[in-house]
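Undergrad: work-v6.cif is reproduced below (mmCIF, N, CA and C atoms).
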```cif
data_final
#
loop_
_atom_site.group_PDB
_atom_site.id
_atom_site.type_symbol
_atom_site.label_atom_id
_atom_site.label_comp_id
_atom_site.auth_asym_id
_atom_site.auth_seq_id
_atom_site.Cartn_x
_atom_site.Cartn_y
_atom_site.Cartn_z
ATOM 1 N N MET V 8 35.682 20.612 -33.399
ATOM 2 C CA MET V 8 34.808 20.378 -32.269
ATOM 3 C C MET V 8 33.559 21.266 -32.345
ATOM 4 N N LYS V 9 33.705 22.475 -32.796
ATOM 5 C CA LYS V 9 32.550 23.363 -32.892
ATOM 6 C C LYS V 9 31.501 22.802 -33.844
ATOM 7 N N TYR V 10 31.928 22.158 -34.912
ATOM 8 C CA TYR V 10 30.994 21.591 -35.879
ATOM 9 C C TYR V 10 30.127 20.519 -35.217
ATOM 10 N N ILE V 11 30.723 19.647 -34.421
ATOM 11 C CA ILE V 11 29.980 18.573 -33.757
ATOM 12 C C ILE V 11 28.968 19.159 -32.779
ATOM 13 N N GLN V 12 29.353 20.165 -32.016
ATOM 14 C CA GLN V 12 28.435 20.798 -31.070
ATOM 15 C C GLN V 12 27.275 21.451 -31.804
ATOM 16 N N ALA V 13 27.560 22.166 -32.859
ATOM 17 C CA ALA V 13 26.503 22.833 -33.626
ATOM 18 C C ALA V 13 25.564 21.815 -34.243
ATOM 19 N N ARG V 14 26.097 20.724 -34.730
ATOM 20 C CA ARG V 14 25.267 19.688 -35.340
ATOM 21 C C ARG V 14 24.326 19.081 -34.304
ATOM 22 N N GLY V 15 24.811 18.828 -33.106
ATOM 23 C CA GLY V 15 23.970 18.293 -32.040
ATOM 24 C C GLY V 15 22.845 19.240 -31.664
ATOM 25 N N ILE V 16 23.114 20.508 -31.656
ATOM 26 C CA ILE V 16 22.093 21.511 -31.343
ATOM 27 C C ILE V 16 21.051 21.587 -32.448
ATOM 28 N N GLU V 17 21.491 21.552 -33.689
ATOM 29 C CA GLU V 17 20.564 21.650 -34.827
ATOM 30 C C GLU V 17 19.537 20.524 -34.828
ATOM 31 N N GLU V 18 19.952 19.335 -34.442
ATOM 32 C CA GLU V 18 19.053 18.184 -34.450
ATOM 33 C C GLU V 18 17.877 18.375 -33.494
ATOM 34 N N ASP V 19 18.071 19.093 -32.397
ATOM 35 C CA ASP V 19 17.022 19.287 -31.398
ATOM 36 C C ASP V 19 16.395 20.677 -31.444
ATOM 37 N N GLN V 20 16.812 21.506 -32.359
ATOM 38 C CA GLN V 20 16.333 22.886 -32.410
ATOM 39 C C GLN V 20 14.820 22.975 -32.612
ATOM 40 N N ALA V 21 14.249 22.164 -33.484
ATOM 41 C CA ALA V 21 12.807 22.212 -33.739
ATOM 42 C C ALA V 21 12.031 21.837 -32.471
ATOM 43 N N THR V 22 12.460 20.779 -31.796
ATOM 44 C CA THR V 22 11.809 20.371 -30.549
ATOM 45 C C THR V 22 11.924 21.457 -29.500
ATOM 46 N N TRP V 23 13.097 22.067 -29.398
ATOM 47 C CA TRP V 23 13.318 23.134 -28.424
ATOM 48 C C TRP V 23 12.414 24.334 -28.721
ATOM 49 N N THR V 24 12.269 24.704 -29.951
ATOM 50 C CA THR V 24 11.418 25.833 -30.332
ATOM 51 C C THR V 24 9.959 25.571 -29.962
ATOM 52 N N ILE V 25 9.467 24.381 -30.230
ATOM 53 C CA ILE V 25 8.086 24.017 -29.883
ATOM 54 C C ILE V 25 7.900 24.030 -28.366
ATOM 55 N N THR V 26 8.855 23.475 -27.646
ATOM 56 C CA THR V 26 8.770 23.429 -26.186
ATOM 57 C C THR V 26 8.732 24.826 -25.595
ATOM 58 N N LYS V 27 9.558 25.718 -26.101
ATOM 59 C CA LYS V 27 9.556 27.098 -25.597
ATOM 60 C C LYS V 27 8.209 27.765 -25.807
ATOM 61 N N GLN V 28 7.541 27.466 -26.896
ATOM 62 C CA GLN V 28 6.227 28.051 -27.172
ATOM 63 C C GLN V 28 5.152 27.465 -26.255
ATOM 64 N N GLN V 29 5.259 26.194 -25.931
ATOM 65 C CA GLN V 29 4.264 25.533 -25.085
ATOM 66 C C GLN V 29 4.392 25.929 -23.615
ATOM 67 N N TYR V 30 5.606 26.140 -23.157
ATOM 68 C CA TYR V 30 5.866 26.390 -21.738
ATOM 69 C C TYR V 30 6.629 27.700 -21.570
ATOM 70 N N ALA V 31 5.913 28.780 -21.572
ATOM 71 C CA ALA V 31 6.540 30.092 -21.395
ATOM 72 C C ALA V 31 7.025 30.246 -19.951
ATOM 73 N N PRO V 32 8.108 30.982 -19.720
ATOM 74 C CA PRO V 32 8.579 31.208 -18.352
ATOM 75 C C PRO V 32 7.464 31.797 -17.488
ATOM 76 N N GLY V 33 7.315 31.240 -16.295
ATOM 77 C CA GLY V 33 6.294 31.714 -15.371
ATOM 78 C C GLY V 33 4.950 31.014 -15.492
ATOM 79 N N SER V 34 4.773 30.181 -16.516
ATOM 80 C CA SER V 34 3.490 29.494 -16.684
ATOM 81 C C SER V 34 3.400 28.317 -15.703
ATOM 82 N N ARG V 35 2.174 27.971 -15.342
ATOM 83 C CA ARG V 35 1.951 26.833 -14.446
ATOM 84 C C ARG V 35 2.027 25.534 -15.252
ATOM 85 N N ILE V 36 2.660 24.550 -14.654
ATOM 86 C CA ILE V 36 2.814 23.249 -15.305
ATOM 87 C C ILE V 36 2.490 22.142 -14.317
ATOM 88 N N ARG V 37 2.326 20.949 -14.829
ATOM 89 C CA ARG V 37 2.203 19.751 -13.994
ATOM 90 C C ARG V 37 3.318 18.801 -14.384
ATOM 91 N N GLY V 38 3.897 18.192 -13.381
ATOM 92 C CA GLY V 38 4.954 17.245 -13.641
ATOM 93 C C GLY V 38 5.347 16.527 -12.369
ATOM 94 N N ALA V 39 6.375 15.735 -12.453
ATOM 95 C CA ALA V 39 6.891 14.989 -11.310
ATOM 96 C C ALA V 39 8.262 15.530 -10.937
ATOM 97 N N ILE V 40 8.524 15.617 -9.641
ATOM 98 C CA ILE V 40 9.844 16.061 -9.199
ATOM 99 C C ILE V 40 10.859 15.005 -9.600
ATOM 100 N N ALA V 41 11.863 15.430 -10.337
ATOM 101 C CA ALA V 41 12.898 14.512 -10.804
ATOM 102 C C ALA V 41 14.139 14.577 -9.913
ATOM 103 N N MET V 42 14.523 15.789 -9.483
ATOM 104 C CA MET V 42 15.747 15.962 -8.712
ATOM 105 C C MET V 42 15.655 17.210 -7.853
ATOM 106 N N PHE V 43 16.348 17.178 -6.725
ATOM 107 C CA PHE V 43 16.527 18.365 -5.897
ATOM 108 C C PHE V 43 17.970 18.828 -6.039
ATOM 109 N N TYR V 44 18.148 20.113 -6.231
ATOM 110 C CA TYR V 44 19.472 20.720 -6.288
ATOM 111 C C TYR V 44 19.469 21.939 -5.366
ATOM 112 N N PRO V 45 20.621 22.376 -4.910
ATOM 113 C CA PRO V 45 20.662 23.595 -4.093
ATOM 114 C C PRO V 45 20.067 24.810 -4.830
ATOM 115 N N GLN V 46 20.139 24.804 -6.157
ATOM 116 C CA GLN V 46 19.624 25.916 -6.954
ATOM 117 C C GLN V 46 18.120 25.831 -7.180
ATOM 118 N N GLY V 47 17.497 24.687 -6.888
ATOM 119 C CA GLY V 47 16.072 24.534 -7.109
ATOM 120 C C GLY V 47 15.700 23.096 -7.413
ATOM 121 N N ILE V 48 14.498 22.931 -7.918
ATOM 122 C CA ILE V 48 13.945 21.615 -8.186
ATOM 123 C C ILE V 48 13.825 21.404 -9.694
ATOM 124 N N ILE V 49 14.205 20.221 -10.163
ATOM 125 C CA ILE V 49 14.035 19.847 -11.561
ATOM 126 C C ILE V 49 12.730 19.059 -11.655
ATOM 127 N N ILE V 50 11.821 19.501 -12.516
ATOM 128 C CA ILE V 50 10.529 18.874 -12.686
ATOM 129 C C ILE V 50 10.471 18.225 -14.063
ATOM 130 N N ARG V 51 10.087 16.965 -14.095
ATOM 131 C CA ARG V 51 9.931 16.246 -15.370
ATOM 132 C C ARG V 51 8.508 16.459 -15.862
ATOM 133 N N ILE V 52 8.371 17.151 -16.989
ATOM 134 C CA ILE V 52 7.057 17.426 -17.564
ATOM 135 C C ILE V 52 6.631 16.279 -18.469
ATOM 136 N N ASN V 53 7.547 15.810 -19.292
ATOM 137 C CA ASN V 53 7.304 14.646 -20.155
ATOM 138 C C ASN V 53 8.655 14.019 -20.484
ATOM 139 N N ASP V 54 8.681 13.078 -21.405
ATOM 140 C CA ASP V 54 9.923 12.361 -21.702
ATOM 141 C C ASP V 54 11.050 13.254 -22.215
ATOM 142 N N GLN V 55 10.710 14.383 -22.813
ATOM 143 C CA GLN V 55 11.728 15.246 -23.409
ATOM 144 C C GLN V 55 11.844 16.607 -22.736
ATOM 145 N N THR V 56 10.972 16.895 -21.779
ATOM 146 C CA THR V 56 10.911 18.246 -21.245
ATOM 147 C C THR V 56 11.052 18.257 -19.735
ATOM 148 N N TYR V 57 11.965 19.101 -19.266
ATOM 149 C CA TYR V 57 12.181 19.315 -17.843
ATOM 150 C C TYR V 57 12.097 20.806 -17.561
ATOM 151 N N ALA V 58 11.698 21.137 -16.332
ATOM 152 C CA ALA V 58 11.619 22.532 -15.922
ATOM 153 C C ALA V 58 12.394 22.699 -14.619
ATOM 154 N N VAL V 59 12.746 23.930 -14.310
ATOM 155 C CA VAL V 59 13.429 24.256 -13.061
ATOM 156 C C VAL V 59 12.562 25.240 -12.301
ATOM 157 N N THR V 60 12.434 25.027 -10.988
ATOM 158 C CA THR V 60 11.656 25.947 -10.170
ATOM 159 C C THR V 60 12.348 26.179 -8.840
ATOM 160 N N ASP V 61 12.025 27.275 -8.224
ATOM 161 C CA ASP V 61 12.517 27.596 -6.890
ATOM 162 C C ASP V 61 11.856 26.652 -5.896
ATOM 163 N N ASP V 62 12.584 26.230 -4.889
ATOM 164 C CA ASP V 62 12.019 25.276 -3.937
ATOM 165 C C ASP V 62 11.561 25.904 -2.628
ATOM 166 N N GLU V 63 11.639 27.199 -2.492
ATOM 167 C CA GLU V 63 11.321 27.866 -1.228
ATOM 168 C C GLU V 63 9.888 27.583 -0.760
ATOM 169 N N LYS V 64 8.900 27.758 -1.621
ATOM 170 C CA LYS V 64 7.505 27.525 -1.231
ATOM 171 C C LYS V 64 7.249 26.058 -0.906
ATOM 172 N N LEU V 65 7.849 25.163 -1.661
ATOM 173 C CA LEU V 65 7.688 23.737 -1.399
ATOM 174 C C LEU V 65 8.243 23.389 -0.026
ATOM 175 N N ARG V 66 9.413 23.885 0.285
ATOM 176 C CA ARG V 66 10.046 23.581 1.574
ATOM 177 C C ARG V 66 9.258 24.176 2.741
ATOM 178 N N GLU V 67 8.589 25.304 2.533
ATOM 179 C CA GLU V 67 7.765 25.920 3.572
ATOM 180 C C GLU V 67 6.554 25.053 3.916
ATOM 181 N N ARG V 68 5.981 24.375 2.921
ATOM 182 C CA ARG V 68 4.721 23.656 3.097
ATOM 183 C C ARG V 68 4.865 22.155 3.233
ATOM 184 N N THR V 69 6.057 21.616 3.036
ATOM 185 C CA THR V 69 6.246 20.167 3.019
ATOM 186 C C THR V 69 7.118 19.729 4.188
ATOM 187 N N PRO V 70 6.683 18.731 4.940
ATOM 188 C CA PRO V 70 7.532 18.214 6.025
ATOM 189 C C PRO V 70 8.873 17.727 5.473
ATOM 190 N N TRP V 71 9.926 17.921 6.241
ATOM 191 C CA TRP V 71 11.267 17.617 5.767
ATOM 192 C C TRP V 71 11.416 16.163 5.344
ATOM 193 N N ASN V 72 10.706 15.235 6.002
ATOM 194 C CA ASN V 72 10.879 13.822 5.672
ATOM 195 C C ASN V 72 10.220 13.441 4.340
ATOM 196 N N PHE V 73 9.477 14.350 3.728
ATOM 197 C CA PHE V 73 8.903 14.094 2.403
ATOM 198 C C PHE V 73 9.750 14.708 1.286
ATOM 199 N N LEU V 74 10.794 15.415 1.653
ATOM 200 C CA LEU V 74 11.635 16.041 0.631
ATOM 201 C C LEU V 74 12.800 15.145 0.277
#
```
Translate the structure described by the file into structure tokens.
TA:
Amino acid sequence: MKYIQARGIEEDQATWTITKQQYAPGSRIRGAIAMFYPQGIIIRINDQTYAVTDDEKLRERTPWNFL
């Protein structure tokens, strides 16, 4: 089982490395809200890239019926 997991990771490692370089933690991004979770908001940046952010500021400024 470990071999299959490692193989799956290796296939996406190059994409993951490039993505980490493009979007450093704390950098500003543009995207669409994909999902709300109790832990925060999932933002879709592009077809392969998602980000997670805290939702506190959004909830402060957005009427509840838009969330």
Undergrad: Could you work out how far CA of Trp71 in chain V lies from CA of Arg37 in chain V, giving the answer in Å with one decimal?
TA: 21.8 Å
Undergrad: Step by step, work through what the PyMOL selection byres ((chain V and resi 59-66) around 5) selects in the shown file, and finish by giving those residues as a list in words.
TA: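 In the shown coordinates, the PyMOL selection byres ((chain V and resi 59-66) around 5) covers Gly47, Ile48, Ile49, Ile50, Tyr57, Ala58, Glu67, Arg68 and Thr69 of chain V.
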Undergrad: Only N, CA and C atoms, please: the residues just picked out, written as a compact mmCIF listing (two decimals), in the frame of the given file.
TA:
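Saved file again.txt follows:
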```
# COMPACT_ATOMS: atom_id res chain seq x y z
N GLY V 47 17.50 24.69 -6.89
CA GLY V 47 16.07 24.53 -7.11
C GLY V 47 15.70 23.10 -7.41
N ILE V 48 14.50 22.93 -7.92
CA ILE V 48 13.94 21.62 -8.19
C ILE V 48 13.82 21.40 -9.69
N ILE V 49 14.20 20.22 -10.16
CA ILE V 49 14.04 19.85 -11.56
C ILE V 49 12.73 19.06 -11.66
N ILE V 50 11.82 19.50 -12.52
CA ILE V 50 10.53 18.87 -12.69
C ILE V 50 10.47 18.23 -14.06
N TYR V 57 11.96 19.10 -19.27
CA TYR V 57 12.18 19.32 -17.84
C TYR V 57 12.10 20.81 -17.56
N ALA V 58 11.70 21.14 -16.33
CA ALA V 58 11.62 22.53 -15.92
C ALA V 58 12.39 22.70 -14.62
N GLU V 67 8.59 25.30 2.53
CA GLU V 67 7.76 25.92 3.57
C GLU V 67 6.55 25.05 3.92
N ARG V 68 5.98 24.38 2.92
CA ARG V 68 4.72 23.66 3.10
C ARG V 68 4.86 22.16 3.23
N THR V 69 6.06 21.62 3.04
CA THR V 69 6.25 20.17 3.02
C THR V 69 7.12 19.73 4.19
```
Undergrad: In Å to one decimal, how far is CA of Gln55 in chain V from CA of Gly38 in chain V?
TA: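 Going from CA of Gly38 in chain V over to CA of Gln55 in chain V, I get 12.1 Å.
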Undergrad: From the DSSP assignment of the backbone, select every residue of chain V that is strand (DSSP E or B), and format the answer as a PDB file with N, CA and C atoms, in the coordinates of the input.
TA:
```pdb
ATOM      1  N   ALA V  39       6.375  15.735 -12.453  1.00  0.00           N
ATOM      2  CA  ALA V  39       6.891  14.989 -11.310  1.00  0.00           C
ATOM      3  C   ALA V  39       8.262  15.530 -10.937  1.00  0.00           C
ATOM      4  N   ILE V  40       8.524  15.617  -9.641  1.00  0.00           N
ATOM      5  CA  ILE V  40       9.844  16.061  -9.199  1.00  0.00           C
ATOM      6  C   ILE V  40      10.859  15.005  -9.600  1.00  0.00           C
ATOM      7  N   ALA V  41      11.863  15.430 -10.337  1.00  0.00           N
ATOM      8  CA  ALA V  41      12.898  14.512 -10.804  1.00  0.00           C
ATOM      9  C   ALA V  41      14.139  14.577  -9.913  1.00  0.00           C
ATOM     10  N   MET V  42      14.523  15.789  -9.483  1.00  0.00           N
ATOM     11  CA  MET V  42      15.747  15.962  -8.712  1.00  0.00           C
ATOM     12  C   MET V  42      15.655  17.210  -7.853  1.00  0.00           C
ATOM     13  N   PHE V  43      16.348  17.178  -6.725  1.00  0.00           N
ATOM     14  CA  PHE V  43      16.527  18.365  -5.897  1.00  0.00           C
ATOM     15  C   PHE V  43      17.970  18.828  -6.039  1.00  0.00           C
ATOM     16  N   TYR V  44      18.148  20.113  -6.231  1.00  0.00           N
ATOM     17  CA  TYR V  44      19.472  20.720  -6.288  1.00  0.00           C
ATOM     18  C   TYR V  44      19.469  21.939  -5.366  1.00  0.00           C
ATOM     19  N   GLY V  47      17.497  24.687  -6.888  1.00  0.00           N
ATOM     20  CA  GLY V  47      16.072  24.534  -7.109  1.00  0.00           C
ATOM     21  C   GLY V  47      15.700  23.096  -7.413  1.00  0.00           C
ATOM     22  N   ILE V  48      14.498  22.931  -7.918  1.00  0.00           N
ATOM     23  CA  ILE V  48      13.945  21.615  -8.186  1.00  0.00           C
ATOM     24  C   ILE V  48      13.825  21.404  -9.694  1.00  0.00           C
ATOM     25  N   ILE V  49      14.205  20.221 -10.163  1.00  0.00           N
ATOM     26  CA  ILE V  49      14.035  19.847 -11.561  1.00  0.00           C
ATOM     27  C   ILE V  49      12.730  19.059 -11.655  1.00  0.00           C
ATOM     28  N   ILE V  50      11.821  19.501 -12.516  1.00  0.00           N
ATOM     29  CA  ILE V  50      10.529  18.874 -12.686  1.00  0.00           C
ATOM     30  C   ILE V  50      10.471  18.225 -14.063  1.00  0.00           C
ATOM     31  N   ARG V  51      10.087  16.965 -14.095  1.00  0.00           N
ATOM     32  CA  ARG V  51       9.931  16.246 -15.370  1.00  0.00           C
ATOM     33  C   ARG V  51       8.508  16.459 -15.862  1.00  0.00           C
ATOM     34  N   TYR V  57      11.965  19.101 -19.266  1.00  0.00           N
ATOM     35  CA  TYR V  57      12.181  19.315 -17.843  1.00  0.00           C
ATOM     36  C   TYR V  57      12.097  20.806 -17.561  1.00  0.00           C
ATOM     37  N   ALA V  58      11.698  21.137 -16.332  1.00  0.00           N
ATOM     38  CA  ALA V  58      11.619  22.532 -15.922  1.00  0.00           C
ATOM     39  C   ALA V  58      12.394  22.699 -14.619  1.00  0.00           C
ATOM     40  N   VAL V  59      12.746  23.930 -14.310  1.00  0.00           N
ATOM     41  CA  VAL V  59      13.429  24.256 -13.061  1.00  0.00           C
ATOM     42  C   VAL V  59      12.562  25.240 -12.301  1.00  0.00           C
ATOM     43  N   THR V  60      12.434  25.027 -10.988  1.00  0.00           N
ATOM     44  CA  THR V  60      11.656  25.947 -10.170  1.00  0.00           C
ATOM     45  C   THR V  60      12.348  26.179  -8.840  1.00  0.00           C
TER      46      THR V  60
END
```
